[in-house]
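To start, the structure under review is shown below, and the notes come after it.
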Amino acid sequence: MKSPLMSYATLFLGVLALSTSAIFVKLADAPAGIIAFYRMFFAAIMLLPFLLVNKENRRELRSLSKKQWGFGMLSGLFLAAHYVLWFESLNYTSVASSTVIVTLQPLFSMAGGYFLFKERFRTGAILGCLVAIAGSLVIGWQDFQISGQALFGDILAFIAAGVITAYFFIGKHVRKQLSLIPYSIICYASSALLLSFFSLSQQASFFDYSAPTWWSFFGLAFIATILGQTIFNWLLKWLSTSVISMSILGETVGTCILAYFILDEGITLQQGIGIVLILTGLAVFLLQQRNSVVPQVASEEIRA
């Protein structure tokens with residue numbers, strides 16, 4: 001993508017769409033595995049026409065090596081594990097606590113980027129990251145409970161944060177050689193397959209759900225996944241994993257605002273301060289790391 005500004009604008013739209021995730025999960029009256037399964041299954045179905053009508057996408061899918069198939073399916077495995085862990089955490093702790101903890105993934109991505117990809121960060125970028133994370137902690141602090149079920153939910157969310165970071169690192173590697181649609185379909189379909197086995201092992205029903213729950217499944221697939229997760233998959237070609245993971249801290253802001261309008265959860269002064277800190281930290285980080293956008297080489301055709 002030629003324009004860094006366009007990359008960040010697209011990233012903002014993806015974060016906004018992803019902010020609906022926790023809301024749809026709360027509205028869905030179904031086990032975590034089933035919610036995650038239908039999210040991935042419907043998303044793969046929605047992308048399938050783009051594969052079938054595009055000759056280049058079909059050719060690319062047929063020409064994939066066993067290694068590329070393996071990495072794509074491994075990516076789906078990590079995505080499936082992330083959603084099960086995160087959705088399950090929402091059954092034990094609050095939306096705010098779970099979302100805050102699961103969006104702490106920049107801690108994992110910056111460490112991984114430093115040691116695995118020799119990625120270096122400016123002092124201002126690190127400061128911006130710390131300010132944004134502090135904002136997340138301010139939002140969720142009043143909901144943190146160091147006992148019982150809430151603590152278990154917080155631990156699940158923290159593990160989910162590490163798992164989704166691994167997913168982004170694998171995706172960053174795969175997207176260097178694979179177009180968006182083939183990669184996303186392999187990832188989402190393999191994730192749905194694994195989640196179906198998990199749900200069967202839990203003896204969960206695949207069909208006995210209310211209309212609002214089915215609408216939540218579709219909302220998760222189209223809004224949170226196609227317009228959110230898939231945008232991140234697309235941007236992995238141009239932006240670093242750290243920049244994308246860092247931007248997801250903005251999901252906390254979007255979730256708080258949506259919870260206010262949809263779940264009638266008020267925004268306290270404490271949450272308002274946290275939102276300001278997150279937005280400030282994100283702005284500082286993205287401005288400092290603007291050179292992380294990979295320049296487009298004129299002689300190389302970058303496939304969407």
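Residues are referred to by chain and number: the chain letter is A, B, ... according to the order shown in the structure tokens, the number counts from 1 in that chain, and ligands are numbered separately from 1 in the order shown.
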Q: Fewer than 4 positions away in the same chain doesn't count, so skip those; otherwise give me all residues within 12 Å of region 213-219 of chain A, counting only C-alpha atoms, as number ranges by chain.
A: A: 17-46, 206-209, 223-228
Q. Can you list, as a ChimeraX atom specification, every residue of region 157-285 of chain A that DSSP puts in alpha helix (DSSP H)?
A. /A:157-174,180-201,211-219,230-235,241-247,250-262,269-285
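Counting only C-alpha atoms and comparing A:Ala192, A:Leu236, A:Val163, A:Met73, the residue that lies closest to Ala221 (chain A) is A:Ala192.
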Q) Of the candidates A:Leu48, A:Ile275, A:Ile164, A:Leu263, which one gets nearest to Ser109 (chain A) if we count only C-alpha atoms? A)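 Counting only C-alpha atoms, the residue closest to Ser109 (chain A) is A:Ile164.
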Q. Can you tell me how far CA of Val174 (chain A) sits from CA of Ser63 (chain A), in Å to one decimal?
A. 14.3 Å
Q: Name all residues at most 9 Å from Phe169 (chain A) (count only C-alpha atoms; drop same-chain ones fewer than 2 positions away) and give them as a ChimeraX atom specification.
A: /A:75,109,112-113,164-167,171-174,241
Next, the residues of the selection above should be written as a JSON list (two decimals), in the first residue's frame with N, CA and C atoms.
```json
[["chain", "number", "residue", "atom", "x", "y", "z"],
["A", 75, "SER", "N", -1.95, -21.45, 11.50],
["A", 75, "SER", "CA", -2.54, -20.15, 11.81],
["A", 75, "SER", "C", -3.98, -20.31, 12.27],
["A", 109, "SER", "N", 3.83, -9.09, 21.31],
["A", 109, "SER", "CA", 4.28, -8.83, 19.94],
["A", 109, "SER", "C", 5.56, -8.01, 19.90],
["A", 112, "GLY", "N", 8.31, -10.43, 20.85],
["A", 112, "GLY", "CA", 8.56, -11.34, 19.75],
["A", 112, "GLY", "C", 9.21, -10.65, 18.56],
["A", 113, "GLY", "N", 8.73, -9.44, 18.26],
["A", 113, "GLY", "CA", 9.31, -8.69, 17.15],
["A", 113, "GLY", "C", 10.77, -8.36, 17.39],
["A", 164, "ILE", "N", -3.05, -15.15, 20.24],
["A", 164, "ILE", "CA", -3.38, -14.35, 19.06],
["A", 164, "ILE", "C", -2.12, -13.66, 18.51],
["A", 165, "THR", "N", -1.16, -13.37, 19.37],
["A", 165, "THR", "CA", 0.10, -12.79, 18.89],
["A", 165, "THR", "C", 0.85, -13.80, 18.03],
["A", 166, "ALA", "N", 0.85, -15.08, 18.45],
["A", 166, "ALA", "CA", 1.46, -16.13, 17.64],
["A", 166, "ALA", "C", 0.76, -16.23, 16.28],
["A", 167, "TYR", "N", -0.56, -16.09, 16.28],
["A", 167, "TYR", "CA", -1.33, -16.11, 15.03],
["A", 167, "TYR", "C", -0.87, -15.00, 14.09],
["A", 171, "GLY", "N", 0.88, -15.32, 10.46],
["A", 171, "GLY", "CA", 0.23, -14.65, 9.34],
["A", 171, "GLY", "C", 1.17, -13.69, 8.62],
["A", 172, "LYS", "N", 2.02, -13.00, 9.37],
["A", 172, "LYS", "CA", 2.99, -12.08, 8.77],
["A", 172, "LYS", "C", 3.92, -12.84, 7.84],
["A", 173, "HIS", "N", 4.34, -14.03, 8.24],
["A", 173, "HIS", "CA", 5.21, -14.86, 7.42],
["A", 173, "HIS", "C", 4.48, -15.38, 6.17],
["A", 174, "VAL", "N", 3.27, -15.88, 6.36],
["A", 174, "VAL", "CA", 2.53, -16.49, 5.26],
["A", 174, "VAL", "C", 2.11, -15.45, 4.23],
["A", 241, "THR", "N", 3.77, -6.61, 12.76],
["A", 241, "THR", "CA", 2.88, -7.25, 13.74],
["A", 241, "THR", "C", 2.71, -6.38, 14.96]]
```
